[in-house]
$ cat entry-v1.csv   # CSV, C-alpha atoms (C1' of nucleotides)
chain,number,residue,atom,x,y,z
A,1,MET,CA,96.7,107.8,107.8
A,2,PRO,CA,96.1,111.5,107.8
A,3,GLU,CA,98.9,113.5,106.2
A,4,LEU,CA,99.1,117.3,106.0
A,5,PRO,CA,96.0,118.0,103.9
A,6,GLU,CA,93.8,115.7,106.0
A,7,VAL,CA,95.1,117.3,109.2
A,8,GLU,CA,94.6,120.8,107.8
A,9,VAL,CA,91.0,119.9,106.9
A,10,VAL,CA,90.5,118.8,110.5
A,11,ARG,CA,92.3,122.0,111.8
A,12,LEU,CA,89.9,124.2,109.8
A,13,GLY,CA,86.9,122.3,111.1
A,14,LEU,CA,88.1,122.6,114.7
A,15,GLN,CA,88.9,126.3,114.2
A,16,GLY,CA,85.3,127.0,113.2
A,17,ALA,CA,84.0,125.0,116.1
A,18,VAL,CA,86.0,126.0,119.1
A,19,VAL,CA,88.0,129.2,118.7
A,20,GLY,CA,86.8,131.8,121.3
A,21,ARG,CA,84.9,129.1,123.2
A,22,VAL,CA,85.6,128.2,126.8
A,23,VAL,CA,86.0,124.5,127.7
A,24,SER,CA,83.2,123.4,130.0
A,25,ASP,CA,83.8,119.7,130.3
A,26,VAL,CA,86.4,117.1,129.4
A,27,GLU,CA,86.0,113.3,129.6
A,28,ILE,CA,88.9,110.9,128.7
A,29,LEU,CA,87.4,107.6,127.7
A,30,HIS,CA,90.5,105.6,127.1
A,31,PRO,CA,93.8,105.9,129.0
A,32,ARG,CA,95.9,105.1,125.9
A,33,ALA,CA,94.7,108.3,124.3
A,34,VAL,CA,96.5,110.3,126.9
A,35,ARG,CA,99.5,108.0,127.5
A,36,ARG,CA,102.0,110.7,126.9
A,37,THR,CA,100.6,113.0,129.5
A,38,ALA,CA,102.1,113.0,133.0
A,39,GLY,CA,99.2,112.6,135.4
A,40,GLY,CA,97.1,110.8,132.8
A,41,ALA,CA,93.4,111.5,132.4
A,42,ALA,CA,93.1,113.6,135.6
A,43,ALA,CA,95.5,116.2,134.2
A,44,PHE,CA,92.9,117.1,131.6
A,45,ASP,CA,90.5,118.5,134.2
A,46,ALA,CA,92.8,121.5,134.1
A,47,LEU,CA,91.2,122.3,130.6
A,48,VAL,CA,87.9,123.3,132.1
A,49,GLY,CA,87.5,127.1,132.2
A,50,ARG,CA,90.3,127.7,129.6
A,51,GLU,CA,89.5,129.6,126.4
A,52,VAL,CA,90.6,128.2,123.1
A,53,SER,CA,92.5,131.1,121.4
A,54,ALA,CA,93.6,129.4,118.2
A,55,VAL,CA,93.8,126.1,116.5
A,56,ALA,CA,97.3,125.6,114.9
A,57,ARG,CA,99.1,123.0,113.0
A,58,ARG,CA,102.7,122.1,112.0
A,59,GLY,CA,102.9,119.1,109.7
A,60,LYS,CA,100.6,116.5,111.1
A,61,PHE,CA,100.7,117.9,114.7
A,62,LEU,CA,97.7,119.9,115.7
A,63,TRP,CA,97.1,122.0,118.8
A,64,LEU,CA,94.6,124.2,120.5
A,65,LEU,CA,96.3,127.3,122.1
A,66,LEU,CA,94.8,128.0,125.5
A,67,ASP,CA,94.2,131.5,126.9
A,68,ASP,CA,97.5,133.5,126.4
A,69,GLY,CA,99.2,130.6,124.5
A,70,SER,CA,101.5,129.5,127.2
A,71,ASN,CA,99.8,126.1,127.2
A,72,ALA,CA,98.3,123.9,124.5
A,73,LEU,CA,96.1,120.9,124.0
A,74,LEU,CA,98.3,118.9,121.5
A,75,ALA,CA,96.8,116.3,119.3
A,76,HIS,CA,98.2,113.8,116.8
A,77,LEU,CA,95.8,111.7,114.8
A,78,GLY,CA,98.3,108.9,114.2
A,79,MET,CA,97.0,106.4,111.6
A,80,SER,CA,93.3,106.6,112.3
A,81,GLY,CA,92.4,109.5,114.6
A,82,GLN,CA,89.5,111.8,114.0
A,83,PHE,CA,87.8,114.8,115.6
A,84,LEU,CA,84.0,114.8,115.2
A,85,ALA,CA,81.8,117.7,116.1
A,86,GLN,CA,78.4,116.5,117.4
A,87,GLU,CA,75.2,118.1,118.7
A,88,PRO,CA,75.1,118.1,122.5
A,89,GLY,CA,74.3,114.7,123.9
A,90,ARG,CA,74.7,112.9,120.6
A,91,VAL,CA,77.3,110.1,120.5
A,92,PRO,CA,79.1,109.7,117.2
A,93,GLU,CA,78.8,106.5,115.0
A,94,PRO,CA,82.2,104.8,115.5
A,95,GLY,CA,81.2,103.7,119.0
A,96,PRO,CA,83.9,101.3,120.0
A,97,HIS,CA,86.7,103.7,119.3
A,98,LEU,CA,85.6,106.8,121.2
A,99,ARG,CA,88.7,108.1,123.2
A,100,ALA,CA,87.7,111.5,124.5
A,101,ARG,CA,84.9,114.1,124.6
A,102,LEU,CA,85.4,117.9,125.0
A,103,ALA,CA,82.4,120.2,125.6
A,104,THR,CA,82.4,124.0,125.2
A,105,ASP,CA,80.4,126.8,126.7
A,106,ASP,CA,78.1,127.1,123.7
A,107,GLY,CA,77.0,123.5,124.2
A,108,ALA,CA,79.0,122.0,121.3
A,109,GLU,CA,80.8,118.7,121.8
A,110,ILE,CA,84.0,117.5,120.1
A,111,TRP,CA,84.8,113.8,120.1
A,112,PHE,CA,88.3,112.3,119.6
A,113,VAL,CA,87.9,108.9,117.9
A,114,ASP,CA,90.8,106.6,117.1
A,115,GLN,CA,90.6,103.0,115.9
A,116,ARG,CA,94.3,102.1,115.9
A,117,THR,CA,95.2,104.1,119.0
A,118,PHE,CA,98.4,105.5,117.6
A,119,GLY,CA,96.9,109.0,118.0
A,120,TYR,CA,96.9,110.9,121.3
A,121,LEU,CA,96.0,114.0,123.2
A,122,ASP,CA,98.6,115.8,125.4
A,123,LEU,CA,98.5,118.8,127.6
A,124,VAL,CA,101.8,120.7,127.2
A,125,ALA,CA,103.5,124.0,127.8
A,126,THR,CA,104.6,125.9,124.7
A,127,THR,CA,108.1,127.1,124.0
A,128,PRO,CA,109.3,130.0,121.8
A,129,THR,CA,110.0,129.2,118.2
A,130,ALA,CA,113.7,129.2,117.2
A,131,ASP,CA,113.2,131.9,114.5
A,132,GLY,CA,110.7,134.1,116.4
A,133,ARG,CA,108.1,133.5,113.7
A,134,PRO,CA,104.6,132.1,114.3
A,135,GLY,CA,104.6,128.5,115.4
A,136,GLY,CA,102.6,127.1,112.5
A,137,VAL,CA,99.7,127.4,110.2
A,138,GLY,CA,96.8,129.0,112.1
A,139,SER,CA,98.9,130.5,114.8
A,140,VAL,CA,100.0,134.1,115.2
A,141,LEU,CA,102.0,133.5,118.3
A,142,PRO,CA,105.8,132.6,118.1
A,143,VAL,CA,105.4,129.5,120.2
A,144,VAL,CA,105.1,125.7,119.6
A,145,PRO,CA,104.1,122.9,122.0
A,146,GLY,CA,107.4,121.8,123.6
A,147,THR,CA,106.8,118.2,122.6
A,148,ALA,CA,106.4,119.2,118.9
A,149,ALA,CA,109.4,121.6,118.8
A,150,HIS,CA,111.5,119.0,117.0
A,151,ILE,CA,109.0,118.9,114.1
A,152,ALA,CA,110.2,121.0,111.1
A,153,ARG,CA,108.0,123.6,109.4
A,154,ASP,CA,105.8,122.2,106.6
A,155,LEU,CA,105.5,123.0,102.9
A,156,LEU,CA,102.3,125.1,103.5
A,157,ASP,CA,103.9,127.2,106.2
A,158,PRO,CA,104.7,130.7,105.0
A,159,ASP,CA,107.7,130.8,107.2
A,160,LEU,CA,109.4,127.7,105.7
A,161,ASP,CA,112.8,128.6,104.2
A,162,MET,CA,112.9,126.5,101.0
A,163,ASP,CA,116.6,127.3,100.3
A,164,VAL,CA,117.5,126.0,103.7
A,165,LEU,CA,115.4,122.9,103.2
A,166,VAL,CA,117.0,122.1,99.8
A,167,ARG,CA,120.4,122.5,101.3
A,168,SER,CA,119.8,120.4,104.4
A,169,THR,CA,118.1,117.7,102.3
A,170,ARG,CA,121.2,117.4,100.1
A,171,ARG,CA,123.5,117.2,103.1
A,172,LYS,CA,121.6,114.0,104.2
A,173,ARG,CA,123.2,110.7,103.3
A,174,THR,CA,120.0,108.9,102.5
A,175,GLU,CA,117.4,108.3,99.8
A,176,ILE,CA,115.0,111.1,98.7
A,177,LYS,CA,111.8,109.4,99.8
A,178,ARG,CA,113.2,108.7,103.3
A,179,ALA,CA,114.2,112.4,103.5
A,180,MET,CA,110.7,113.5,102.5
A,181,LEU,CA,109.2,111.4,105.3
A,182,ASP,CA,111.7,112.7,107.9
A,183,GLN,CA,109.4,115.1,109.9
A,184,SER,CA,112.4,116.8,111.5
A,185,LEU,CA,113.6,117.9,108.0
A,186,VAL,CA,110.3,118.9,106.5
A,187,SER,CA,106.9,117.9,108.0
A,188,GLY,CA,103.5,116.9,106.8
A,189,ILE,CA,104.5,114.6,104.0
A,190,GLY,CA,103.4,111.0,104.5
A,191,ASN,CA,103.5,107.8,102.3
A,192,ILE,CA,100.7,108.9,99.9
A,193,TYR,CA,102.0,112.4,99.1
A,194,ALA,CA,105.6,111.3,99.0
A,195,ASP,CA,104.7,108.8,96.2
A,196,GLU,CA,102.5,111.3,94.4
A,197,ALA,CA,105.1,114.1,94.5
A,198,LEU,CA,107.9,111.7,93.3
A,199,TRP,CA,105.6,110.6,90.4
A,200,ARG,CA,104.9,114.2,89.4
A,201,ALA,CA,108.6,115.1,89.6
A,202,LYS,CA,109.5,111.9,87.7
A,203,VAL,CA,112.1,111.0,90.4
A,204,HIS,CA,112.6,107.6,91.9
A,205,GLY,CA,112.3,107.6,95.7
A,206,ARG,CA,115.5,105.6,96.0
A,207,ARG,CA,117.6,108.3,94.4
A,208,SER,CA,120.2,109.4,96.9
A,209,THR,CA,119.8,112.9,98.3
A,210,GLU,CA,123.4,114.0,98.0
A,211,ALA,CA,123.6,113.0,94.3
A,212,LEU,CA,120.4,114.9,93.3
A,213,PRO,CA,120.8,118.3,91.8
A,214,ALA,CA,119.5,121.1,94.0
A,215,ALA,CA,117.0,122.0,91.2
A,216,THR,CA,115.6,118.5,91.3
A,217,VAL,CA,115.2,118.5,95.0
A,218,ARG,CA,113.4,121.8,94.7
A,219,GLU,CA,111.1,120.3,92.1
A,220,VAL,CA,110.2,117.4,94.3
A,221,TYR,CA,109.2,119.6,97.1
A,222,ALA,CA,107.3,121.9,94.8
A,223,ALA,CA,105.4,118.9,93.5
A,224,ALA,CA,104.7,117.8,97.1
A,225,ARG,CA,103.4,121.3,97.9
A,226,ASP,CA,101.2,121.3,94.8
A,227,VAL,CA,99.7,117.9,95.3
A,228,MET,CA,99.0,118.6,99.0
A,229,LEU,CA,97.3,121.9,98.1
A,230,GLU,CA,95.1,120.1,95.5
A,231,ALA,CA,94.3,117.4,98.0
A,232,LEU,CA,93.4,120.1,100.6
A,233,ALA,CA,91.0,121.7,98.1
A,234,ALA,CA,89.4,118.3,97.6
A,235,GLY,CA,88.9,117.8,101.3
A,236,GLY,CA,91.8,115.3,101.6
A,237,THR,CA,92.3,111.6,100.6
A,238,SER,CA,89.8,109.1,102.0
A,239,PHE,CA,90.0,105.4,101.2
A,240,ASP,CA,87.4,104.4,103.8
A,241,ALA,CA,85.7,105.8,106.9
A,242,LEU,CA,88.9,106.2,108.8
A,243,TYR,CA,89.5,109.7,107.4
A,244,VAL,CA,86.7,112.2,107.6
A,245,ASN,CA,86.4,115.9,108.5
A,246,VAL,CA,84.9,117.1,111.7
A,247,SER,CA,81.4,116.8,110.2
A,248,GLY,CA,82.1,113.1,109.3
A,249,THR,CA,82.4,113.8,105.5
A,250,PRO,CA,85.2,112.0,103.5
A,251,GLY,CA,87.5,113.8,101.1
A,252,TYR,CA,87.6,112.9,97.4
A,253,PHE,CA,91.2,113.3,96.4
A,254,ALA,CA,91.7,109.5,96.2
A,255,ARG,CA,90.3,109.6,92.6
A,256,SER,CA,93.1,112.1,91.6
A,257,LEU,CA,96.0,109.9,92.8
A,258,ASN,CA,98.5,108.8,90.1
A,259,ALA,CA,100.7,106.4,91.9
A,260,TYR,CA,99.7,105.5,95.4
A,261,GLY,CA,97.7,102.3,95.7
A,262,LEU,CA,97.7,101.9,91.9
A,263,ALA,CA,100.0,98.9,91.4
A,264,GLY,CA,99.3,97.3,88.0
A,265,GLU,CA,97.3,100.2,86.7
A,266,PRO,CA,98.7,102.1,83.7
A,267,CYS,CA,100.7,105.2,84.4
A,268,ALA,CA,98.6,108.2,83.4
A,269,ARG,CA,101.6,109.7,81.5
A,270,CYS,CA,103.1,106.7,79.6
A,271,GLY,CA,100.8,103.7,80.2
A,272,THR,CA,103.5,101.5,81.8
A,273,PRO,CA,102.0,99.6,84.8
A,274,ILE,CA,102.7,101.2,88.2
A,275,VAL,CA,105.0,99.1,90.4
A,276,ARG,CA,104.6,98.6,94.1
A,277,GLU,CA,107.5,97.6,96.2
A,278,SER,CA,108.4,97.3,99.9
A,279,PHE,CA,110.1,100.3,101.4
A,280,MET,CA,110.7,101.3,105.1
A,281,ASN,CA,108.1,98.7,106.4
A,282,ARG,CA,105.5,100.1,104.0
A,283,SER,CA,105.0,100.4,100.3
A,284,SER,CA,106.3,102.6,97.5
A,285,HIS,CA,104.4,103.0,94.2
A,286,TYR,CA,106.0,104.4,91.1
A,287,CYS,CA,106.2,104.3,87.3
A,288,PRO,CA,109.3,102.3,86.3
A,289,ALA,CA,109.5,104.1,83.0
A,290,CYS,CA,109.0,107.7,84.2
A,291,GLN,CA,110.8,107.3,87.4
A,292,ARG,CA,114.2,105.7,86.6
A,293,ARG,CA,115.5,103.6,89.4
A,294,PRO,CA,119.1,104.5,90.4
A,295,ARG,CA,121.6,102.0,89.1
A,296,ALA,CA,123.7,101.4,92.2
A,297,ARG,CA,123.8,102.8,95.6
A,298,ARG,CA,126.8,103.0,97.8
A,299,ARG,CA,126.6,102.7,101.5
B,1,DA,C1',125.8,111.6,115.3
B,2,DA,C1',122.9,110.1,112.1
B,3,DA,C1',120.6,106.3,109.7
B,4,DG,C1',117.7,102.3,109.6
B,5,DG,C1',114.9,98.7,111.7
B,6,DG,C1',111.3,97.2,114.6
B,7,DA,C1',107.6,98.2,118.1
B,8,DC,C1',103.3,100.0,119.0
B,9,DC,C1',97.7,99.0,117.8
B,10,DT,C1',93.1,97.3,115.6
B,11,DG,C1',90.6,95.6,111.9
B,12,DG,C1',89.7,94.4,107.0
B,13,DC,C1',90.8,91.6,103.3
B,14,DT,C1',92.8,87.4,100.9
B,15,DG,C1',93.8,82.9,100.3
B,16,DC,C1',94.3,78.3,102.0
C,1,DT,C1',83.4,78.6,107.7
C,2,DG,C1',87.7,79.6,110.1
C,3,DC,C1',91.6,81.6,110.6
C,4,DA,C1',96.6,82.7,109.6
C,5,DG,C1',98.9,86.0,107.4
C,6,DC,C1',99.4,90.4,105.3
C,7,DC,C1',98.4,95.2,104.9
C,8,DA,C1',97.1,100.1,106.3
C,9,DG,C1',97.3,107.3,106.0
C,10,DG,C1',102.7,107.6,111.6
C,11,DT,C1',106.0,108.3,115.1
C,12,DC,C1',109.3,106.9,118.4
C,13,DC,C1',113.0,104.3,120.5
C,14,DC,C1',116.8,101.5,120.2
C,15,DT,C1',120.9,99.8,118.0
C,16,DT,C1',124.6,100.3,115.0
$ encode --input "entry-v1.csv" --output "structure tokens"
Amino acid sequence: MPELPEVEVVRLGLQGAVVGRVVSDVEILHPRAVRRTAGGAAAFDALVGREVSAVARRGKFLWLLLDDGSNALLAHLGMSGQFLAQEPGRVPEPGPHLRARLATDDGAEIWFVDQRTFGYLDLVATTPTADGRPGGVGSVLPVVPGTAAHIARDLLDPDLDMDVLVRSTRRKRTEIKRAMLDQSLVSGIGNIYADEALWRAKVHGRRSTEALPAATVREVYAAARDVMLEALAAGGTSFDALYVNVSGTPGYFARSLNAYGLAGEPCARCGTPIVRESFMNRSSHYCPACQRRPRARRR
DNA sequence: AAAGGGACCTGGCTGC
DNA sequence: TGCAGCCAGGTCCCTT
């Protein structure tokens, strides 16, 4: 569910809540939330006494740097994860899906809540970045969590090299939407913003990457960056209570969408009804007039 | 080696 | 009313 703008909203909220604080208590409420951690829930006891030095993000991966940054508490929200800051002793609303609780030395409590349980927390060592630049948005240290090192920089990362991204995209033998969703090529884009970016750039998601002009690939990524920045300014896209910020407030970008979830509605540019079709075990939404479908595909 | 398909979950909605 | 079937913001693993 949460894509880059939603995760960034969460990052900013966590940053305000925990940077400079020392972890005073950790409680893992569901083993599946820590399934990727060797040692399971017990390993998280090691968090107690550690200071949170930064909250960083790369694409949809989020982490708290601990002490000198050699270790991190990594989090992925999956399809339905949330972090909720609550007053001490107060249990957040979505009761049945509470997965973990983290308390800090100022008395604040942060809850990890996740209905569909695709999200997780992990305690990992960090590794140096390949380019020596900061590991992600919100980080000044040139490190990334080892288990997130395969994730590419995202479109809001000042250290992203757009020329390299355009070149590596055109070297892929696949379709442009598939490439946009490939988190090892460029991270942060999910199904909503891929559809929105393609609509803005007037490109059909099935166009093949190697046949697209470099300028067009660049336009698609520029559109993705623009739409994600606008969504971030709106607090993210919320369709229901599954995406909220750390205060429990939804974002309002859903009303600004032009393609995603709008099958049958008139295209805002030309009035042609938006089409929804199956793609990669999910859905694609596009304007059949503005976004010309490729005629034939080899392969 | 890289690309594509299915698995992993819970819950809400639709239509029979 | 009940429930089967479909759908949902993502990533990972396996097969080809």
$ interface_residues --input "entry-v1.csv" --of "chain B" --to "chain A" --cutoff "9 Å" --atoms "only C-alpha atoms (C1' of nucleotides)" --output "list in words"
DA2, DA3, DG4, DG5, DG6, DC8, DC9, DT10 and DG11 of chain B
$ residues_around --input "entry-v1.csv" --residues "stretch 2-16 of chain C" --least-positions-apart "2" --cutoff "10 Å" --atoms "all atoms listed in the file" --output "ChimeraX atom specification"
/A:1-3,6,60,76-80,118-119,181,183,190-193,237-239,242-243,282-283 /B:3-8,11-16
$ atom_distance --input "entry-v1.csv" --atom1 "atom CA of A:Phe253" --atom2 "atom CA of A:Met228"
9.8 Å
$ closest_residue --input "entry-v1.csv" --among "A:Ala289, A:Val143, A:Ala179, A:Ala41" --to "A:Lys202" --atoms "all atoms listed in the file"
A:Ala289
$ atom_distance --input "entry-v1.csv" --atom1 "atom CA of A:Asp163" --atom2 "atom CA of A:Val217"
10.4 Å
$ closest_residue --input "entry-v1.csv" --among "A:Gly235, A:Gly146, A:Gly107, A:Pro128" --to "A:Arg11" --atoms "all atoms listed in the file"
A:Gly235
$ decode --input "entry-v1.csv" --residues "stretch 15-120 of chain A" --atoms "C-alpha atoms" --output "compact mmCIF listing (two decimals), in the first residue's frame"
# COMPACT_ATOMS: atom_id res chain seq x y z
CA GLN A 15 12.00 11.62 12.82
CA GLY A 16 10.18 14.20 14.90
CA ALA A 17 9.24 11.60 17.48
CA VAL A 18 12.38 9.58 18.11
CA VAL A 19 15.61 11.19 16.90
CA GLY A 20 17.87 11.85 19.86
CA ARG A 21 15.78 9.59 22.09
CA VAL A 22 17.06 6.48 23.81
CA VAL A 23 15.01 3.29 23.51
CA SER A 24 13.72 2.30 26.94
CA ASP A 25 11.48 -0.65 26.14
CA VAL A 26 10.57 -2.92 23.22
CA GLU A 27 7.73 -5.39 23.00
CA ILE A 28 7.17 -7.65 19.99
CA LEU A 29 3.49 -8.60 19.87
CA HIS A 30 3.45 -10.91 16.87
CA PRO A 31 6.27 -13.21 15.72
CA ARG A 32 5.50 -12.71 12.03
CA ALA A 33 6.45 -9.03 12.32
CA VAL A 34 10.05 -10.07 13.04
CA ARG A 35 10.20 -13.19 10.84
CA ARG A 36 13.29 -11.97 8.98
CA THR A 37 15.33 -11.52 12.15
CA ALA A 38 17.61 -14.32 13.28
CA GLY A 39 16.82 -14.82 16.94
CA GLY A 40 13.26 -13.55 16.53
CA ALA A 41 11.60 -11.32 19.11
CA ALA A 42 14.32 -11.84 21.73
CA ALA A 43 16.90 -10.17 19.48
CA PHE A 44 15.02 -6.88 19.83
CA ASP A 45 15.91 -6.65 23.52
CA ALA A 46 19.25 -5.38 22.24
CA LEU A 47 17.51 -2.13 21.24
CA VAL A 48 17.09 -1.04 24.83
CA GLY A 49 19.63 1.63 25.74
CA ARG A 50 20.42 2.52 22.12
CA GLU A 51 20.05 6.09 20.90
CA VAL A 52 18.20 6.77 17.66
CA SER A 53 20.56 9.00 15.67
CA ALA A 54 18.53 9.38 12.45
CA VAL A 55 15.48 8.12 10.59
CA ALA A 56 16.34 7.35 6.98
CA ARG A 57 14.55 6.06 3.93
CA ARG A 58 15.40 4.62 0.55
CA GLY A 59 12.36 3.96 -1.63
CA LYS A 60 9.85 2.18 0.60
CA PHE A 61 12.49 0.94 3.06
CA LEU A 62 12.71 2.86 6.30
CA TRP A 63 15.25 2.58 9.11
CA LEU A 64 16.31 4.06 12.41
CA LEU A 65 20.07 4.44 12.65
CA LEU A 66 21.28 3.44 16.11
CA ASP A 67 24.11 5.16 17.98
CA ASP A 68 27.08 5.45 15.60
CA GLY A 69 25.12 4.03 12.64
CA SER A 70 26.73 0.60 12.50
CA ASN A 71 23.34 -0.95 13.24
CA ALA A 72 19.79 -0.10 12.26
CA LEU A 73 16.21 -0.98 13.04
CA LEU A 74 14.88 -1.61 9.54
CA ALA A 75 11.17 -1.43 8.79
CA HIS A 76 9.08 -2.16 5.74
CA LEU A 77 5.37 -1.33 5.79
CA GLY A 78 4.43 -3.92 3.18
CA MET A 79 0.86 -3.40 2.03
CA SER A 80 -0.71 -2.21 5.24
CA GLY A 81 1.91 -1.31 7.86
CA GLN A 82 1.70 1.82 10.01
CA PHE A 83 3.65 3.49 12.77
CA LEU A 84 1.49 5.28 15.31
CA ALA A 85 2.81 7.60 18.00
CA GLN A 86 0.68 7.41 21.13
CA GLU A 87 0.66 8.93 24.57
CA PRO A 88 2.24 6.62 27.16
CA GLY A 89 -0.02 3.78 28.19
CA ARG A 90 -2.56 4.44 25.46
CA VAL A 91 -3.22 1.59 23.03
CA PRO A 92 -3.99 2.65 19.44
CA GLU A 93 -7.36 1.97 17.78
CA PRO A 94 -6.65 -0.85 15.28
CA GLY A 95 -6.40 -3.31 18.15
CA PRO A 96 -6.24 -6.71 16.46
CA HIS A 97 -3.27 -5.78 14.28
CA LEU A 98 -0.78 -4.45 16.82
CA ARG A 99 2.63 -5.99 16.03
CA ALA A 100 5.17 -4.17 18.19
CA ARG A 101 5.60 -1.37 20.70
CA LEU A 102 8.69 0.74 21.20
CA ALA A 103 9.08 3.17 24.09
CA THR A 104 11.67 5.95 24.44
CA ASP A 105 13.22 7.73 27.41
CA ASP A 106 10.87 10.73 27.12
CA GLY A 107 7.89 8.44 27.73
CA ALA A 108 6.70 8.39 24.12
CA GLU A 109 5.43 5.16 22.60
CA ILE A 110 5.53 4.12 18.95
CA TRP A 111 3.36 1.24 17.79
CA PHE A 112 3.86 -0.85 14.68
CA VAL A 113 0.48 -1.90 13.33
CA ASP A 114 -0.02 -4.11 10.27
CA GLN A 115 -3.22 -5.76 9.09
CA ARG A 116 -1.92 -7.88 6.23
CA THR A 117 1.42 -8.75 7.86
CA PHE A 118 3.54 -8.26 4.74
CA GLY A 119 5.41 -5.60 6.70
CA TYR A 120 8.23 -6.35 9.12
